[in-house]
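Undergrad: So I've got this file, work-v5.cif, and it contains mmCIF, C-alpha atoms and all ligand atoms:
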```
data_structure
#
loop_
_atom_site.label_atom_id
_atom_site.label_comp_id
_atom_site.auth_asym_id
_atom_site.auth_seq_id
_atom_site.Cartn_x
_atom_site.Cartn_y
_atom_site.Cartn_z
CA MET U 2 -45.89 70.04 -68.21
CA ILE U 3 -42.84 70.22 -66.00
CA ILE U 4 -40.99 66.90 -66.01
CA LEU U 5 -38.00 65.89 -63.91
CA VAL U 6 -35.87 63.13 -65.44
CA ILE U 7 -33.33 61.64 -63.06
CA GLY U 8 -30.47 60.25 -65.16
CA GLY U 9 -31.39 62.36 -68.19
CA GLU U 10 -27.87 62.60 -69.60
CA ARG U 11 -27.29 58.96 -70.59
CA GLY U 12 -29.02 55.83 -71.84
CA ILE U 13 -32.79 55.51 -71.66
CA GLY U 14 -33.10 58.74 -69.62
CA ALA U 15 -31.40 60.78 -72.36
CA ALA U 16 -33.76 59.41 -75.02
CA LEU U 17 -36.80 60.11 -72.82
CA THR U 18 -35.54 63.65 -72.29
CA ALA U 19 -35.07 64.28 -76.03
CA HIS U 20 -38.55 62.94 -76.78
CA LEU U 21 -40.23 65.02 -74.06
CA ILE U 22 -38.41 68.20 -75.12
CA LYS U 23 -39.63 67.61 -78.68
CA ASP U 24 -43.15 67.35 -77.24
CA GLN U 25 -42.69 70.92 -75.88
CA HIS U 26 -42.57 70.02 -72.19
CA LEU U 27 -40.12 71.67 -69.81
CA VAL U 28 -37.69 68.91 -68.92
CA ILE U 29 -35.33 69.25 -65.97
CA LYS U 30 -32.70 66.56 -66.37
CA THR U 31 -30.14 65.45 -63.82
CA SER U 32 -26.77 63.72 -63.90
CA ARG U 33 -24.09 63.24 -61.29
CA SER U 34 -21.77 64.97 -63.76
CA TYR U 35 -23.68 68.30 -63.91
CA THR U 36 -22.98 71.29 -61.69
CA SER U 37 -24.94 71.77 -58.47
CA HIS U 38 -26.41 75.08 -59.70
CA LEU U 39 -29.40 74.67 -61.97
CA THR U 40 -28.58 75.77 -65.53
CA LYS U 41 -31.35 76.91 -67.86
CA HIS U 42 -30.38 76.02 -71.43
CA ASN U 43 -33.67 77.26 -72.85
CA ALA U 44 -37.40 77.27 -72.10
CA ASN U 45 -37.60 73.50 -72.58
CA CYS U 46 -34.42 72.21 -70.95
CA TRP U 47 -32.81 72.82 -67.58
CA GLU U 48 -30.12 70.71 -65.95
CA VAL U 49 -28.81 70.21 -62.42
CA GLN U 50 -26.68 67.68 -60.56
CA CYS U 51 -28.19 64.88 -58.52
CA ASP U 52 -26.79 61.74 -56.92
CA ILE U 53 -29.76 59.89 -55.46
CA THR U 54 -27.50 57.97 -53.06
CA ASN U 55 -26.42 61.22 -51.38
CA GLU U 56 -28.91 63.08 -49.16
CA ASP U 57 -27.04 66.41 -49.47
CA SER U 58 -27.19 66.14 -53.24
CA ILE U 59 -30.94 65.41 -53.13
CA ALA U 60 -31.45 68.34 -50.74
CA ASN U 61 -29.56 70.60 -53.15
CA LEU U 62 -31.74 69.40 -56.04
CA ASN U 63 -34.84 70.23 -54.02
CA GLU U 64 -33.49 73.69 -53.20
CA GLN U 65 -32.54 74.44 -56.81
CA LEU U 66 -35.92 73.25 -58.11
CA SER U 67 -37.89 75.10 -55.44
CA LYS U 68 -36.23 78.39 -56.41
CA ASN U 69 -37.38 77.92 -60.01
CA THR U 70 -40.71 76.09 -60.01
CA SER U 71 -43.69 75.58 -57.72
CA HIS U 72 -44.30 71.97 -58.77
CA ILE U 73 -43.26 68.96 -60.85
CA ASP U 74 -45.93 67.16 -62.88
CA TRP U 75 -44.00 64.03 -63.75
CA LEU U 76 -40.98 62.58 -61.98
CA ILE U 77 -39.31 59.92 -64.14
CA ASN U 78 -36.51 58.20 -62.29
CA CYS U 79 -34.14 56.32 -64.62
CA ALA U 80 -31.29 55.94 -62.14
CA GLY U 81 -29.97 52.41 -61.97
CA ILE U 82 -26.80 50.32 -61.80
CA LEU U 83 -26.04 46.71 -62.62
CA HIS U 84 -22.27 46.47 -62.93
CA ASN U 85 -19.15 48.62 -62.79
CA ASP U 86 -15.39 48.18 -63.13
CA LYS U 87 -15.32 46.31 -59.77
CA TYR U 88 -18.12 43.80 -60.24
CA MET U 89 -20.48 42.06 -62.65
CA PRO U 90 -23.85 40.44 -61.84
CA GLU U 91 -23.40 37.37 -59.65
CA LYS U 92 -23.98 33.92 -61.15
CA ALA U 93 -23.90 32.10 -57.80
CA LEU U 94 -24.19 32.75 -54.07
CA LYS U 95 -20.42 32.47 -53.60
CA GLN U 96 -20.00 35.66 -55.66
CA ILE U 97 -22.25 37.93 -53.59
CA ASN U 98 -20.50 40.68 -51.65
CA LEU U 99 -21.57 43.53 -49.41
CA ASN U 100 -20.25 46.31 -51.64
CA GLN U 101 -22.22 45.20 -54.70
CA LEU U 102 -25.38 44.46 -52.68
CA ASN U 103 -25.15 47.88 -50.99
CA ASP U 104 -24.49 49.79 -54.23
CA ASN U 105 -27.41 48.15 -56.03
CA TYR U 106 -29.76 48.57 -53.08
CA LEU U 107 -28.84 52.24 -52.58
CA THR U 108 -29.10 53.28 -56.23
CA ASN U 109 -31.89 51.05 -57.49
CA ALA U 110 -34.21 51.18 -54.48
CA VAL U 111 -33.35 53.42 -51.50
CA GLY U 112 -32.38 56.46 -53.60
CA HIS U 113 -35.71 56.44 -55.42
CA LEU U 114 -37.58 56.65 -52.10
CA LEU U 115 -35.25 59.27 -50.55
CA LEU U 116 -35.74 61.44 -53.61
CA ILE U 117 -39.54 61.30 -53.45
CA LYS U 118 -39.42 62.01 -49.71
CA THR U 119 -37.38 65.16 -50.27
CA LEU U 120 -39.31 66.37 -53.34
CA LYS U 121 -42.71 65.63 -51.78
CA LYS U 122 -43.89 69.25 -51.74
CA LEU U 123 -42.98 69.87 -55.39
CA ILE U 124 -44.63 66.61 -56.44
CA THR U 125 -47.86 67.00 -54.47
CA GLN U 126 -48.33 70.61 -55.60
CA SER U 127 -49.01 69.44 -59.15
CA ASP U 128 -52.69 68.89 -60.04
CA HIS U 129 -52.06 65.38 -61.39
CA PRO U 130 -48.65 64.20 -60.31
CA LEU U 131 -47.15 61.04 -61.74
CA VAL U 132 -44.14 59.27 -60.28
CA THR U 133 -42.49 56.73 -62.58
CA SER U 134 -39.50 54.60 -61.70
CA ILE U 135 -37.76 52.49 -64.31
CA SER U 136 -37.79 49.07 -62.70
CA ALA U 137 -37.09 45.74 -64.44
CA ARG U 138 -38.87 42.46 -65.05
CA ILE U 139 -35.99 40.82 -63.23
CA GLY U 140 -37.32 42.39 -60.00
CA SER U 141 -40.44 40.22 -60.23
CA ILE U 142 -40.32 37.48 -57.59
CA ASP U 143 -42.96 35.47 -59.44
CA ASP U 144 -41.17 35.73 -62.79
CA ASN U 145 -37.78 34.55 -61.47
CA HIS U 146 -37.14 31.26 -63.26
CA LEU U 147 -33.42 31.64 -64.01
CA GLY U 148 -31.83 32.72 -60.70
CA GLY U 149 -28.56 34.65 -60.56
CA TRP U 150 -28.03 38.45 -60.52
CA TYR U 151 -28.75 38.59 -56.76
CA ALA U 152 -28.00 42.24 -56.05
CA TYR U 153 -29.84 43.64 -59.07
CA ARG U 154 -32.86 41.35 -58.67
CA MET U 155 -33.16 42.05 -54.96
CA SER U 156 -32.75 45.81 -55.42
CA LYS U 157 -35.45 46.04 -58.12
CA ALA U 158 -37.81 43.92 -55.97
CA ALA U 159 -37.10 46.35 -53.12
CA LEU U 160 -37.85 49.33 -55.40
CA ASN U 161 -41.18 47.76 -56.33
CA MET U 162 -42.04 47.14 -52.68
CA GLY U 163 -40.98 50.66 -51.69
CA LEU U 164 -43.17 52.36 -54.30
CA LYS U 165 -46.12 50.08 -53.53
CA THR U 166 -45.84 50.94 -49.83
CA LEU U 167 -45.67 54.65 -50.62
CA ALA U 168 -48.61 54.46 -53.02
CA ILE U 169 -50.75 52.98 -50.23
CA GLU U 170 -49.65 55.71 -47.81
CA TRP U 171 -50.26 58.56 -50.25
CA TYR U 172 -53.54 57.18 -51.57
CA ARG U 173 -55.06 58.48 -48.35
CA LYS U 174 -53.10 61.73 -47.98
CA HIS U 175 -52.38 62.68 -51.60
CA PRO U 176 -54.98 60.83 -53.68
CA ASN U 177 -54.03 62.57 -56.94
CA VAL U 178 -50.54 61.07 -57.10
CA ARG U 179 -50.14 58.04 -59.37
CA PHE U 180 -47.22 55.62 -59.52
CA LEU U 181 -45.78 53.54 -62.37
CA LEU U 182 -43.02 50.93 -62.36
CA LEU U 183 -41.92 50.26 -65.94
CA HIS U 184 -39.77 47.53 -67.47
CA PRO U 185 -38.07 49.10 -70.53
CA GLY U 186 -37.12 45.89 -72.33
CA THR U 187 -33.53 45.06 -73.20
CA THR U 188 -32.15 48.31 -74.53
CA ASP U 189 -28.79 49.18 -76.06
CA THR U 190 -27.10 51.16 -73.25
CA ASP U 191 -23.93 50.95 -71.14
CA LEU U 192 -25.92 48.95 -68.58
CA SER U 193 -26.83 46.15 -70.98
CA ALA U 194 -23.66 46.30 -73.14
CA PRO U 195 -21.85 43.30 -71.59
CA PHE U 196 -24.92 41.06 -72.02
CA GLN U 197 -26.00 41.79 -75.59
CA ARG U 198 -23.98 39.10 -77.37
CA ASN U 199 -26.29 36.14 -76.82
CA LEU U 200 -29.58 37.95 -77.39
CA PRO U 201 -31.86 36.55 -80.09
CA SER U 202 -31.72 38.85 -83.10
CA GLY U 203 -34.25 41.67 -83.03
CA GLN U 204 -34.55 41.62 -79.24
CA LEU U 205 -32.24 44.55 -78.53
CA GLN U 206 -34.14 47.85 -78.61
CA THR U 207 -32.63 51.23 -79.43
CA VAL U 208 -32.95 53.90 -76.73
CA GLU U 209 -35.22 55.89 -79.07
CA SER U 210 -37.58 52.97 -79.57
CA THR U 211 -37.65 52.28 -75.81
CA ALA U 212 -38.35 55.95 -75.06
CA ASN U 213 -41.26 55.96 -77.54
CA LEU U 214 -42.76 52.84 -76.00
CA LEU U 215 -42.33 54.02 -72.40
CA ILE U 216 -43.82 57.46 -73.08
CA LYS U 217 -46.79 55.79 -74.73
CA GLN U 218 -47.35 53.76 -71.56
CA ILE U 219 -46.80 56.77 -69.30
CA LYS U 220 -49.37 58.85 -71.21
CA LYS U 221 -51.87 56.00 -71.33
CA ASN U 222 -51.60 55.22 -67.61
CA GLN U 223 -50.92 58.63 -66.11
CA ARG U 224 -54.31 58.75 -64.39
CA HIS U 225 -54.86 55.06 -63.78
CA LYS U 226 -57.43 54.16 -61.16
CA SER U 227 -55.41 51.76 -59.01
CA LYS U 228 -54.44 52.52 -55.45
CA TYR U 229 -51.19 50.63 -56.16
CA PRO U 230 -48.46 51.33 -58.72
CA LEU U 231 -48.91 49.62 -62.08
CA PHE U 232 -45.94 47.32 -62.81
CA LEU U 233 -45.90 47.14 -66.61
CA ASP U 234 -43.57 46.22 -69.43
CA TYR U 235 -42.83 48.50 -72.40
CA GLN U 236 -45.85 47.10 -74.25
CA GLY U 237 -48.21 47.77 -71.36
CA GLN U 238 -48.43 44.14 -70.24
CA PRO U 239 -48.74 43.77 -66.45
CA ILE U 240 -45.79 42.00 -64.80
CA PRO U 241 -46.51 39.81 -61.75
CA TRP U 242 -45.02 41.20 -58.52
N1 LIG U 301 -30.86 48.85 -70.62
C1 LIG U 301 -31.61 47.82 -70.31
O1 LIG U 301 -31.64 46.81 -71.05
C2 LIG U 301 -32.47 47.84 -69.08
C3 LIG U 301 -33.31 46.75 -68.83
C4 LIG U 301 -34.12 46.76 -67.69
C5 LIG U 301 -34.09 47.86 -66.84
N2 LIG U 301 -33.25 48.91 -67.10
C6 LIG U 301 -33.26 50.05 -66.17
O2 LIG U 301 -33.37 51.25 -66.89
C7 LIG U 301 -32.79 52.34 -66.14
C8 LIG U 301 -31.87 53.14 -67.05
O3 LIG U 301 -30.77 52.30 -67.40
P1 LIG U 301 -29.94 52.46 -68.76
O4 LIG U 301 -30.05 51.17 -69.47
O5 LIG U 301 -30.29 53.73 -69.43
O6 LIG U 301 -28.46 52.49 -68.16
P2 LIG U 301 -27.26 53.56 -68.27
O7 LIG U 301 -27.09 54.04 -69.66
O8 LIG U 301 -26.12 52.88 -67.58
O9 LIG U 301 -27.80 54.77 -67.39
C9 LIG U 301 -27.87 54.69 -66.01
C10 LIG U 301 -28.44 56.00 -65.53
O10 LIG U 301 -28.54 55.97 -64.10
C11 LIG U 301 -28.03 57.18 -63.60
N3 LIG U 301 -27.49 56.94 -62.25
C12 LIG U 301 -26.71 55.91 -61.86
N4 LIG U 301 -26.40 56.05 -60.56
C13 LIG U 301 -27.01 57.18 -60.14
C14 LIG U 301 -27.07 57.87 -58.90
N5 LIG U 301 -26.41 57.40 -57.81
N6 LIG U 301 -27.79 59.00 -58.82
C15 LIG U 301 -28.44 59.49 -59.91
N7 LIG U 301 -28.42 58.90 -61.12
C16 LIG U 301 -27.71 57.76 -61.22
C17 LIG U 301 -26.94 57.60 -64.59
O11 LIG U 301 -26.75 58.99 -64.53
P3 LIG U 301 -25.28 59.72 -64.47
O12 LIG U 301 -24.24 58.64 -64.59
O13 LIG U 301 -25.31 60.66 -65.63
O14 LIG U 301 -25.28 60.40 -63.16
C18 LIG U 301 -27.56 57.19 -65.91
O15 LIG U 301 -28.38 58.21 -66.43
C19 LIG U 301 -32.10 51.66 -64.95
O16 LIG U 301 -32.92 51.78 -63.81
C20 LIG U 301 -31.98 50.22 -65.36
O17 LIG U 301 -31.94 49.35 -64.25
C21 LIG U 301 -32.45 48.92 -68.21
#
```
What is this file in structure tokens?
Ligand SMILES: NC(=O)c1ccc[n+]([C@@H]2O[C@H](COP(=O)([O-])OP(=O)(O)OC[C@H]3O[C@@H](n4cnc5c(N)ncnc54)[C@H](OP(=O)(O)O)[C@@H]3O)[C@@H](O)[C@H]2O)c1

TA:
Amino acid sequence: MIILVIGGERGIGAALTAHLIKDQHLVIKTSRSYTSHLTKHNANCWEVQCDITNEDSIANLNEQLSKNTSHIDWLINCAGILHNDKYMPEKALKQINLNQLNDNYLTNAVGHLLLIKTLKKLITQSDHPLVTSISARIGSIDDNHLGGWYAYRMSKAALNMGLKTLAIEWYRKHPNVRFLLLHPGTTDTDLSAPFQRNLPSGQLQTVESTANLLIKQIKKNQRHKSKYPLFLDYQGQPIPW
């Protein structure tokens, strides 16, 4: 299979990439740090730049891919942000600010949709296309019992709504395409690093363990029968919307 992993250089995306390469798939991985020309390392691994918050960058990705392949079987989008050197997740309303809300919304939700829009031809030309976005349990409106983390919560809820809306649209026009929204579980990456201290012992997963669990769920659900995306955790348990 030909698999595109957005964010394949770091964190969960890098572990997914390594696992899928070992499984003999052709993995095309992206990072904002790669060059804009697609580089073929070997028969199983190509890399090319992509910033999903930049339409020119997405258009370039589409152009580079289209020159080299007729289709993509699986798109796995791992792109996400939670904090950076300018802000941390908000604990209260008084901390929300436009910059953080915009950044989270663009990366965690809007970019995922813009990417699918631009890569539509490559995706729909596969016989059994699967579009997976790494979401988060924290994007569940029903499951929100703690509050806080406004920008991240709202952006993941928006991602879920965006993919559900698209799944309904494409169920009529492109009935072979399936969608998954997966919660990876708390995983040891740069994204979770500032919040690992108070975790109960044994709750922090390695990226390798998370990649194994997510790939198991992807394989199991790649041809699910629902018209809607499945919103599942790393153990395959459905998460309420
Ligand atoms: N770790 C956890 O505990 C946890 C829990 C729940 C959900 N998640 C979700 O899992 C996904 C992966 O996170 P992670 O933990 O692996 O974090 P990470 O190590 O910080 O990786 C974030 C990834 O997102 C990519 N990215 C960020 N902004 C991007 C942009 N504008 N365009 C394209 N790619 C972009 C980065 O790629 P480059 O910087 O190389 O471009 C990187 O590969 C995220 O969606 C996150 O919300 C993680």

Undergrad: Find the nearest atom pair between each residue of segment 62-117 of chain U and segment 52-57 of chain U for residues within 12 Å, count all atoms listed in the file, give distances in Å to one decimal, sort rows by chain and ascending number, and present the table as a tab-separated table.

TA:
```
residue	atom	partner	partner_atom	distance
U:Leu62	CA	U:Asp57	CA	8.6
U:Asn63	CA	U:Asp57	CA	9.8
U:Glu64	CA	U:Asp57	CA	10.4
U:Asn78	CA	U:Ile53	CA	9.8
U:Cys79	CA	U:Ile53	CA	10.8
U:Ala80	CA	U:Ile53	CA	7.9
U:Gly81	CA	U:Ile53	CA	9.9
U:Ile82	CA	U:Thr54	CA	11.6
U:Asn103	CA	U:Thr54	CA	10.6
U:Asp104	CA	U:Thr54	CA	8.8
U:Asn105	CA	U:Thr54	CA	10.3
U:Tyr106	CA	U:Thr54	CA	9.7
U:Leu107	CA	U:Thr54	CA	5.9
U:Thr108	CA	U:Thr54	CA	5.9
U:Asn109	CA	U:Thr54	CA	9.3
U:Ala110	CA	U:Thr54	CA	9.7
U:Val111	CA	U:Thr54	CA	7.6
U:Gly112	CA	U:Ile53	CA	4.7
U:His113	CA	U:Ile53	CA	6.9
U:Leu114	CA	U:Ile53	CA	9.1
U:Leu115	CA	U:Ile53	CA	7.4
U:Leu116	CA	U:Ile53	CA	6.4
U:Ile117	CA	U:Ile53	CA	10.1
```

Undergrad: Could you report the residues within 7 Å of ligand LIG 301 (chain U), using only C-alpha atoms and all ligand atoms, as a PyMOL selection string?

TA: chain U and resi 7-14+32-34+51-54+79-83+108-109+135-138+184-193

Undergrad: Using the file's own x, y and z axes, so that the box edges lie along x, y and z, what centre and edge lengths in Å (one decimal) does a box around every listed atom of segment 205-219 of chain U get when 3 Å is added on each side? Give it as lines of an AutoDock Vina configuration file.

TA:
```
center_x = -39.8
center_y = 51.0
center_z = -74.4
size_x = 21.1
size_y = 18.9
size_z = 16.3
```

Undergrad: Quick one: distance from atom CA of Leu39 of chain U to atom CA of Gln126 of chain U in Å, one decimal?

TA: 20.4 Å

Undergrad: Name the residues in contact with Ala152 of chain U at a cut-off of 9 Å, using only C-alpha atoms, excluding same-chain residues fewer than 2 positions from it; report them as a count of residues only.

TA: 17

Undergrad: Can you measure atom CA of Val6 of chain U to atom CA of Lys121 of chain U for me? One decimal in Å is fine.

TA: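 Here the two named atoms are 15.5 Å from each other.
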
Undergrad: Report as a VMD selection string all protein, DNA and RNA residues lying within 6 Å of segment 208-220 of chain U, evaluated on all atoms listed in the file, omitting residues in the same chain fewer than 4 positions from it.

TA: chain U and resid 13 16 to 17 235

Undergrad: I need the residue nearest Phe196 of chain U from this list: U:Gln50, U:His175, U:Met89, U:Tyr229. Use all atoms listed in the file for the distance.

TA: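 Looking only at the distances to Phe196 of chain U, the closest residue turns out to be U:Met89.
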
Undergrad: Mind giving me the straight-line distance from atom CA of Ile142 of chain U to atom CA of Met162 of chain U in Å, one decimal?

TA: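 Atom-to-atom, atom CA of Ile142 of chain U to atom CA of Met162 of chain U, that is 11.0 Å.
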